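**Q** Below you'll find data-v3.cif; it's mmCIF, C-alpha atoms.
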data_work
#
loop_
_atom_site.label_atom_id
_atom_site.label_comp_id
_atom_site.auth_asym_id
_atom_site.auth_seq_id
_atom_site.Cartn_x
_atom_site.Cartn_y
_atom_site.Cartn_z
CA MET W 25 -22.60 71.94 136.26
CA GLU W 26 -19.20 70.93 134.89
CA LEU W 27 -16.17 72.90 136.04
CA THR W 28 -15.38 73.92 132.47
CA THR W 29 -18.79 75.58 132.30
CA VAL W 30 -18.28 77.19 135.70
CA TRP W 31 -15.00 78.74 134.60
CA PHE W 32 -16.39 79.89 131.29
CA VAL W 33 -19.09 81.75 133.23
CA LEU W 34 -16.59 83.08 135.78
CA ILE W 35 -14.34 84.44 133.06
CA ALA W 36 -17.36 86.12 131.50
CA VAL W 37 -18.16 87.65 134.90
CA LEU W 38 -14.59 88.92 135.24
CA TRP W 39 -14.74 90.59 131.81
CA THR W 40 -18.10 92.06 132.77
CA GLY W 41 -16.63 93.57 135.92
CA TYR W 42 -13.68 94.94 133.95
CA PHE W 43 -15.75 96.58 131.22
CA VAL W 44 -18.37 97.99 133.61
CA LEU W 45 -15.74 99.57 135.87
CA GLU W 46 -12.90 100.31 133.47
CA GLY W 47 -15.44 101.33 130.83
CA PHE W 48 -16.31 104.57 132.58
CA ASP W 49 -12.60 105.19 133.21
CA PHE W 50 -12.04 105.01 129.45
CA GLY W 51 -15.02 107.29 128.89
CA VAL W 52 -13.72 109.87 131.35
CA GLY W 53 -10.35 109.93 129.58
CA ILE W 54 -11.94 110.27 126.15
CA LEU W 55 -14.14 113.15 127.33
CA LEU W 56 -11.35 115.05 129.10
CA PRO W 57 -10.48 117.42 126.19
CA PHE W 58 -14.16 118.01 125.38
CA LEU W 59 -15.47 118.75 128.87
CA GLY W 60 -12.36 120.13 130.56
CA LYS W 61 -12.35 123.78 129.47
CA GLY W 62 -9.82 124.87 132.09
CA GLU W 63 -7.25 123.34 134.39
CA VAL W 64 -9.64 123.25 137.36
CA GLU W 65 -12.25 121.34 135.38
CA ARG W 66 -9.67 118.96 133.92
CA ARG W 67 -8.28 118.28 137.36
CA THR W 68 -11.78 117.58 138.66
CA ILE W 69 -12.47 115.16 135.80
CA VAL W 70 -9.27 113.25 136.55
CA LYS W 71 -10.05 113.19 140.27
CA THR W 72 -13.39 111.43 139.67
CA ILE W 73 -11.51 108.22 138.85
CA GLY W 74 -8.29 108.94 140.76
CA PRO W 75 -8.98 106.67 143.75
CA VAL W 76 -10.41 103.75 141.76
CA TRP W 77 -8.91 103.43 138.27
CA ASP W 78 -6.01 101.18 139.26
CA GLY W 79 -8.31 98.91 141.26
CA ASN W 80 -10.57 98.61 138.22
CA GLU W 81 -7.67 97.30 136.16
CA VAL W 82 -7.24 94.38 138.57
CA TRP W 83 -10.27 92.80 136.88
CA LEU W 84 -8.28 92.60 133.63
CA LEU W 85 -5.33 90.93 135.34
CA VAL W 86 -7.57 88.39 137.03
CA ALA W 87 -9.47 87.69 133.79
CA GLY W 88 -6.20 87.08 131.97
CA GLY W 89 -4.85 84.90 134.77
CA ALA W 90 -8.07 82.89 134.98
CA THR W 91 -8.01 82.31 131.22
CA PHE W 92 -4.39 81.13 131.39
CA ALA W 93 -5.10 78.70 134.23
CA ALA W 94 -8.53 77.41 133.18
CA PHE W 95 -8.19 77.39 129.38
CA PRO W 96 -4.45 77.43 128.51
CA GLU W 97 -5.07 76.55 124.84
CA TRP W 98 -7.39 79.53 124.52
CA TYR W 99 -4.88 81.81 126.21
CA ALA W 100 -1.98 80.61 124.04
CA THR W 101 -3.85 80.97 120.74
CA LEU W 102 -5.43 84.30 121.69
CA PHE W 103 -2.28 85.99 122.92
CA SER W 104 -0.15 84.75 120.02
CA GLY W 105 -2.67 85.43 117.24
CA PHE W 106 -3.82 88.76 118.69
CA TYR W 107 -0.33 89.74 119.81
CA LEU W 108 -0.07 93.14 118.10
CA PRO W 109 -3.55 94.48 119.09
CA LEU W 110 -3.09 93.28 122.67
CA PHE W 111 0.41 94.78 122.77
CA LEU W 112 -1.01 98.12 121.61
CA ILE W 113 -3.65 97.92 124.34
CA LEU W 114 -0.91 97.24 126.89
CA LEU W 115 1.14 100.23 125.71
CA ALA W 116 -1.96 102.45 125.86
CA LEU W 117 -2.78 101.29 129.38
CA ILE W 118 0.80 101.95 130.48
CA ALA W 119 0.75 105.46 128.98
CA ARG W 120 -2.60 106.13 130.60
CA GLY W 121 -1.43 104.94 134.00
CA VAL W 122 1.75 107.01 133.84
CA ALA W 123 -0.27 110.07 132.81
CA LEU W 124 -2.65 109.68 135.74
CA GLU W 125 0.19 109.26 138.22
CA TYR W 126 2.46 112.07 136.96
CA ARG W 127 -0.10 114.65 135.86
CA SER W 128 -0.30 116.24 139.31
CA LYS W 129 3.50 116.23 139.66
CA SER W 130 4.23 118.22 136.49
CA ASP W 131 4.15 121.96 135.86
CA SER W 132 2.72 121.35 132.37
CA THR W 133 -0.21 118.95 132.08
CA ARG W 134 -0.86 119.20 128.34
CA GLY W 135 1.29 116.20 127.38
CA TRP W 136 -0.11 114.04 130.18
CA ASP W 137 -3.65 114.95 129.17
CA ARG W 138 -2.94 113.79 125.61
CA ALA W 139 -1.53 110.52 126.94
CA PHE W 140 -4.61 110.08 129.12
CA PHE W 141 -6.91 110.72 126.15
CA TRP W 142 -5.18 108.38 123.66
CA GLY W 143 -4.50 105.81 126.37
CA SER W 144 -8.24 105.68 126.97
CA LEU W 145 -9.50 105.90 123.39
CA GLY W 146 -7.17 103.19 122.07
CA PRO W 147 -8.23 100.36 124.41
CA ALA W 148 -11.89 101.42 124.24
CA PHE W 149 -11.77 100.79 120.48
CA LEU W 150 -9.36 97.85 120.36
CA TRP W 151 -11.20 95.77 122.95
CA GLY W 152 -14.26 95.88 120.71
CA VAL W 153 -12.15 94.83 117.72
CA ALA W 154 -10.69 91.92 119.69
CA PHE W 155 -13.99 90.60 121.03
CA ALA W 156 -15.72 91.00 117.68
CA ASN W 157 -13.07 88.74 116.14
CA ILE W 158 -13.41 86.24 118.99
CA VAL W 159 -17.15 86.00 118.39
CA ARG W 160 -16.93 86.02 114.57
CA GLY W 161 -14.15 83.43 114.42
CA VAL W 162 -10.59 83.58 113.10
CA PRO W 163 -8.49 81.37 110.83
CA LEU W 164 -6.96 78.55 112.92
CA ASP W 165 -5.11 75.47 111.70
CA ALA W 166 -5.38 71.94 113.07
CA ASP W 167 -2.89 72.81 115.84
CA HIS W 168 -5.09 75.73 116.92
CA GLU W 169 -2.54 78.29 115.73
CA TYR W 170 -3.68 81.59 114.22
CA THR W 171 -2.91 81.73 110.50
CA GLY W 172 -4.19 85.21 109.63
CA THR W 173 -2.56 88.64 109.68
CA LEU W 174 -3.29 91.96 111.35
CA LEU W 175 -5.46 92.95 108.39
CA THR W 176 -7.51 89.80 108.94
CA LEU W 177 -8.48 91.17 112.34
CA LEU W 178 -9.41 94.58 110.89
CA ASN W 179 -12.49 93.30 109.06
CA PRO W 180 -15.70 95.39 108.83
CA PHE W 181 -17.48 93.49 111.60
CA ALA W 182 -14.52 93.95 113.95
CA LEU W 183 -14.33 97.68 113.17
CA LEU W 184 -18.05 97.94 113.92
CA GLY W 185 -17.38 96.20 117.23
CA GLY W 186 -14.62 98.69 118.01
CA LEU W 187 -16.91 101.62 117.24
CA ALA W 188 -19.64 100.06 119.41
CA THR W 189 -17.42 99.70 122.48
CA LEU W 190 -15.88 103.13 121.92
CA LEU W 191 -19.31 104.78 121.93
CA LEU W 192 -20.59 102.59 124.76
CA PHE W 193 -17.68 103.41 127.07
CA THR W 194 -17.77 107.10 126.19
CA LEU W 195 -21.47 107.25 127.05
CA HIS W 196 -20.79 105.29 130.25
CA GLY W 197 -18.10 107.81 131.18
CA ALA W 198 -20.34 110.78 130.46
CA ILE W 199 -23.05 109.37 132.73
CA PHE W 200 -20.45 108.63 135.41
CA LEU W 201 -19.30 112.26 135.30
CA THR W 202 -22.88 113.50 135.73
CA LEU W 203 -23.05 111.32 138.83
CA ARG W 204 -19.73 112.46 140.31
CA THR W 205 -19.62 116.20 139.55
CA THR W 206 -21.67 119.34 140.08
CA GLY W 207 -22.33 122.66 138.39
CA GLU W 208 -21.33 123.41 134.81
CA LEU W 209 -19.19 120.28 134.55
CA ARG W 210 -22.13 118.06 135.42
CA GLN W 211 -24.35 119.94 132.97
CA GLY W 212 -21.79 119.52 130.19
CA ALA W 213 -21.47 115.80 130.90
CA SER W 214 -25.25 115.47 130.89
CA ARG W 215 -25.51 117.20 127.52
CA MET W 216 -22.80 114.93 126.16
CA ALA W 217 -24.63 111.84 127.39
CA LYS W 218 -27.88 112.98 125.79
CA SER W 219 -26.10 113.54 122.48
CA LEU W 220 -24.20 110.24 122.55
CA ALA W 221 -27.05 107.98 123.65
CA PRO W 222 -29.08 107.78 120.38
CA VAL W 223 -26.09 106.97 118.14
CA THR W 224 -24.72 104.56 120.76
CA ILE W 225 -28.02 102.66 120.80
CA LEU W 226 -28.01 102.35 117.02
CA VAL W 227 -24.38 101.24 116.68
CA VAL W 228 -24.36 98.83 119.64
CA MET W 229 -27.60 97.16 118.57
CA ALA W 230 -26.36 96.90 114.96
CA PHE W 231 -23.18 95.22 116.20
CA LEU W 232 -25.03 92.73 118.40
CA LEU W 233 -27.71 91.89 115.84
CA THR W 234 -25.05 91.11 113.23
CA SER W 235 -22.98 88.98 115.62
CA GLY W 236 -25.01 85.89 114.78
CA GLY W 237 -26.31 84.79 118.18
CA ASN W 238 -29.63 82.99 118.29
CA ARG W 239 -29.99 81.33 121.71
CA SER W 240 -32.66 82.44 124.17
CA ALA W 241 -29.94 83.63 126.58
CA TRP W 242 -28.43 85.72 123.79
CA TRP W 243 -31.78 87.32 122.94
CA THR W 244 -32.37 88.04 126.63
CA ALA W 245 -28.97 89.74 126.90
CA VAL W 246 -29.60 91.81 123.75
CA ALA W 247 -32.96 92.91 125.13
CA LEU W 248 -31.26 93.97 128.38
CA VAL W 249 -28.73 95.99 126.38
CA ALA W 250 -31.53 97.87 124.63
CA LEU W 251 -33.44 98.42 127.88
CA GLY W 252 -30.28 99.57 129.66
CA LEU W 253 -29.31 102.10 127.02
CA ILE W 254 -32.85 103.46 126.64
CA GLY W 255 -33.20 103.57 130.40
CA ALA W 256 -29.92 105.44 130.74
CA LEU W 257 -31.09 108.05 128.26
CA ALA W 258 -34.50 108.40 129.91
CA ALA W 259 -32.97 108.75 133.39
CA THR W 260 -30.45 111.30 132.13
CA LEU W 261 -33.22 113.36 130.57
CA ARG W 262 -35.00 113.36 133.94
CA GLY W 263 -31.86 114.19 135.91
CA ARG W 264 -31.81 110.86 137.74
CA ASP W 265 -28.06 110.36 137.69
CA GLY W 266 -27.92 107.28 139.91
CA TRP W 267 -30.52 105.43 137.87
CA ALA W 268 -28.83 106.51 134.64
CA PHE W 269 -25.52 105.06 135.75
CA THR W 270 -27.17 101.84 136.93
CA ALA W 271 -28.89 101.44 133.55
CA SER W 272 -25.65 102.21 131.70
CA ALA W 273 -23.76 99.62 133.77
CA LEU W 274 -26.52 97.10 133.04
CA ALA W 275 -26.13 97.77 129.31
CA VAL W 276 -22.35 97.27 129.42
CA GLY W 277 -22.70 94.05 131.39
CA ALA W 278 -25.41 92.78 129.08
CA VAL W 279 -23.18 93.39 126.03
CA VAL W 280 -20.55 91.10 127.56
CA ALA W 281 -23.24 88.54 128.41
CA ALA W 282 -24.50 88.62 124.83
CA LEU W 283 -21.01 88.08 123.42
CA PHE W 284 -20.21 85.17 125.72
CA SER W 285 -23.61 83.51 125.35
CA GLY W 286 -23.22 83.73 121.59
CA LEU W 287 -19.74 82.23 121.89
CA TRP W 288 -20.64 79.15 123.96
CA PRO W 289 -19.57 76.29 123.80
CA ASN W 290 -16.62 77.69 121.83
CA VAL W 291 -14.00 79.88 123.42
CA LEU W 292 -12.39 80.81 120.10
CA PRO W 293 -14.26 79.72 116.96
CA ALA W 294 -12.29 78.92 113.81
CA LEU W 295 -13.47 79.76 110.32
CA ASP W 296 -13.25 76.00 109.81
CA PRO W 297 -15.42 74.71 112.71
CA VAL W 298 -13.33 71.54 112.97
CA ASN W 299 -10.40 73.60 114.31
CA SER W 300 -12.40 75.62 116.84
CA LEU W 301 -11.30 75.86 120.45
CA THR W 302 -14.07 74.81 122.83
CA VAL W 303 -14.54 74.65 126.59
CA THR W 304 -13.60 70.98 126.32
CA ASN W 305 -10.48 70.88 124.16
CA ALA W 306 -9.03 74.12 125.56
CA ALA W 307 -9.51 73.35 129.27
CA SER W 308 -7.00 72.50 131.99
CA THR W 309 -7.11 69.24 133.93
CA PRO W 310 -10.01 68.62 136.33
CA TYR W 311 -7.62 68.85 139.30
CA THR W 312 -6.44 72.32 138.25
CA LEU W 313 -10.00 73.52 137.79
CA THR W 314 -11.00 72.12 141.19
CA VAL W 315 -8.17 73.92 143.01
CA MET W 316 -8.94 77.14 141.17
CA THR W 317 -12.60 76.89 142.10
CA TRP W 318 -11.77 76.68 145.81
CA VAL W 319 -9.37 79.63 145.58
CA ALA W 320 -11.97 81.71 143.73
CA ALA W 321 -14.69 80.83 146.25
CA ILE W 322 -12.51 82.03 149.14
CA PHE W 323 -10.92 85.18 147.75
CA THR W 324 -13.51 86.59 145.34
CA PRO W 325 -15.88 87.80 148.11
CA VAL W 326 -12.92 89.50 149.83
CA VAL W 327 -11.96 91.39 146.67
CA LEU W 328 -15.57 92.40 145.98
CA ALA W 329 -16.04 93.64 149.55
CA TYR W 330 -12.85 95.71 149.41
CA GLN W 331 -13.71 97.30 146.09
CA ALA W 332 -17.27 98.04 147.20
CA TRP W 333 -15.87 99.73 150.31
CA THR W 334 -13.55 101.85 148.15
CA TYR W 335 -16.43 103.11 146.03
CA TRP W 336 -18.48 103.83 149.14
CA VAL W 337 -15.70 105.92 150.69
CA PHE W 338 -15.27 108.00 147.51
CA ARG W 339 -18.95 108.29 146.66
CA ARG W 340 -19.39 112.06 147.09
CA ARG W 341 -19.64 114.45 144.15
CA LEU W 342 -16.68 116.68 143.33
CA THR W 343 -17.33 120.40 143.19
CA GLY W 344 -14.28 121.48 141.22
CA ALA W 345 -12.97 123.68 144.01
CA ILE W 346 -9.19 123.82 144.36
#
Taking this structure as input, can you express it in the form of structure tokens?

**A**
Amino acid sequence: MELTTVWFVLIAVLWTGYFVLEGFDFGVGILLPFLGKGEVERRTIVKTIGPVWDGNEVWLLVAGGATFAAFPEWYATLFSGFYLPLFLILLALIARGVALEYRSKSDSTRGWDRAFFWGSLGPAFLWGVAFANIVRGVPLDADHEYTGTLLTLLNPFALLGGLATLLLFTLHGAIFLTLRTTGELRQGASRMAKSLAPVTILVVMAFLLTSGGNRSAWWTAVALVALGLIGALAATLRGRDGWAFTASALAVGAVVAALFSGLWPNVLPALDPVNSLTVTNAASTPYTLTVMTWVAAIFTPVVLAYQAWTYWVFRRRLTGAI
């Protein structure tokens, strides 16, 4: 397997890890005003992700760094053409992080809760918009520079993608809360998951089926998305919280797999195929890719082991007691 292919797959894996882990963080933030009826419940909801949310964001940093090093042309075109949406995501993530850190240090939590909510909802929607445009293709010139506007990115397919990820992450967060809480809070999260699941299945499948993929790998990933979402609903109905979360995580990961398998061998298609960025014309030198591969082989297992240990330590349900 060529190193360009290896790094395309690795970047897809990094985005998968980010959306699976940060996805339920977004969902928890979105659900805070709907499930947190009092300060004790809201504090419990925030505490479910308190020890892990910042570690989950490391996946985004590594995905961005890997893209910059492995496919600099892709990185340059993406971050210049998508500058405003990505800047809004960055602002939302900053506001969300500040809210999580300062909420417990303030006498009034109302403002921080709003920041947590909007800082979660914004990226959950905008990431779908961004990836929908990446898959659909954008106007690029012969120098691989983006020639569209912000309104170009807000096309109907992209908005459908944003709605799909928003619903998917909210469902993922609801299932996570059923796994991590007890009592009335868990029951409320379970009811929310049961209500969200049918519409999430419809919207996510509509988004994927209109994305234009046709390879066998793409069809396999789409089938896994459907099975994951249906399985999550079935497990939630039966009160099997662990299996529901596993199925939900499978669905999120399969969505990313479907998008990347539909994208290959492009990394950023152009509306004029001649100007598309591919794994070949966007890649770094073979030497750079070789060094990166050795670094990834050494340090990736260490990071995975540390994060797995963190989740194991904070695996117990929260009761909501002060």

**Q** How many Å separate CA of Ile199 (chain W) from CA of Ala332 (chain W)?

**A**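 Separation of CA of Ile199 (chain W) and CA of Ala332 (chain W): 19.3 Å.
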
**Q** Residues near Trp242 (chain W), anyone? I mean within 12 Å using all atoms listed in the file, not counting same-chain ones fewer than 3 positions away, as a ChimeraX atom specification.

**A** /W:232-233,235-239,245-249,278-288

**Q** Take CA of Arg127 (chain W) and CA of Asp49 (chain W) and report the distance between them in Å, one decimal.

**A**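 Separation between CA of Arg127 (chain W) and CA of Asp49 (chain W): 15.9 Å.
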
**Q** Using all atoms listed in the file, pick whichever of W:Ala139, W:Leu108, W:Pro297, W:Phe50 has the shortest atom-to-atom distance to Thr173 (chain W).

**A** W:Leu108

**Q** I'd like the residues picked by the PyMOL selection byres ((chain W and resi 82) around 12) written out as a CSV table (one decimal) with C-alpha atoms, in the coordinates of the input, using the chain letters and numbers from the file.

**A**
chain,number,residue,atom,x,y,z
W,38,LEU,CA,-14.6,88.9,135.2
W,39,TRP,CA,-14.7,90.6,131.8
W,41,GLY,CA,-16.6,93.6,135.9
W,42,TYR,CA,-13.7,94.9,134.0
W,43,PHE,CA,-15.8,96.6,131.2
W,45,LEU,CA,-15.7,99.6,135.9
W,46,GLU,CA,-12.9,100.3,133.5
W,76,VAL,CA,-10.4,103.8,141.8
W,77,TRP,CA,-8.9,103.4,138.3
W,78,ASP,CA,-6.0,101.2,139.3
W,79,GLY,CA,-8.3,98.9,141.3
W,80,ASN,CA,-10.6,98.6,138.2
W,81,GLU,CA,-7.7,97.3,136.2
W,83,TRP,CA,-10.3,92.8,136.9
W,84,LEU,CA,-8.3,92.6,133.6
W,85,LEU,CA,-5.3,90.9,135.3
W,86,VAL,CA,-7.6,88.4,137.0
W,87,ALA,CA,-9.5,87.7,133.8
W,88,GLY,CA,-6.2,87.1,132.0
W,89,GLY,CA,-4.8,84.9,134.8
W,327,VAL,CA,-12.0,91.4,146.7
W,328,LEU,CA,-15.6,92.4,146.0
W,331,GLN,CA,-13.7,97.3,146.1

**Q** Counting only C-alpha atoms, which residues have an atom no more than 12 Å from (-18.0, 116.3, 143.5) in the file's coordinates? Please list them as a short mmCIF file (atom, residue, chain, number, x, y, z; two decimals) with C-alpha atoms, in the frame of the given file.

**A**
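Wrote part-v4.cif, looks like this:
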data_model
loop_
_atom_site.label_atom_id
_atom_site.label_comp_id
_atom_site.auth_asym_id
_atom_site.auth_seq_id
_atom_site.Cartn_x
_atom_site.Cartn_y
_atom_site.Cartn_z
CA GLU W 65 -12.25 121.34 135.38
CA ARG W 67 -8.28 118.28 137.36
CA THR W 68 -11.78 117.58 138.66
CA ILE W 69 -12.47 115.16 135.80
CA VAL W 70 -9.27 113.25 136.55
CA LYS W 71 -10.05 113.19 140.27
CA THR W 72 -13.39 111.43 139.67
CA ILE W 73 -11.51 108.22 138.85
CA PHE W 200 -20.45 108.63 135.41
CA LEU W 201 -19.30 112.26 135.30
CA THR W 202 -22.88 113.50 135.73
CA LEU W 203 -23.05 111.32 138.83
CA ARG W 204 -19.73 112.46 140.31
CA THR W 205 -19.62 116.20 139.55
CA THR W 206 -21.67 119.34 140.08
CA GLY W 207 -22.33 122.66 138.39
CA GLU W 208 -21.33 123.41 134.81
CA LEU W 209 -19.19 120.28 134.55
CA ARG W 210 -22.13 118.06 135.42
CA PHE W 338 -15.27 108.00 147.51
CA ARG W 339 -18.95 108.29 146.66
CA ARG W 340 -19.39 112.06 147.09
CA ARG W 341 -19.64 114.45 144.15
CA LEU W 342 -16.68 116.68 143.33
CA THR W 343 -17.33 120.40 143.19
CA GLY W 344 -14.28 121.48 141.22
CA ALA W 345 -12.97 123.68 144.01
CA ILE W 346 -9.19 123.82 144.36
#

**Q** Could you state which residues are captured by the PyMOL selection byres ((chain W and resi 256) around 12) in this file, as a ChimeraX atom specification?

**A** /W:192,195-196,198-200,202,214,217-218,220-222,224-225,248-255,257-276

**Q** Apply the PyMOL selection byres ((chain W and resi 59) around 9) to the displayed file and report the matching residues as a PyMOL selection string.

**A** chain W and resi 55-58+60-62+65-66+69+209+212-213+216

**Q** With all atoms listed in the file as the counted atoms, please give the residues lying no more than 7 Å from Arg120 (chain W), apart from itself and same-chain residues fewer than 5 positions off, as a ChimeraX atom specification.

**A** /W:139-140,143-144
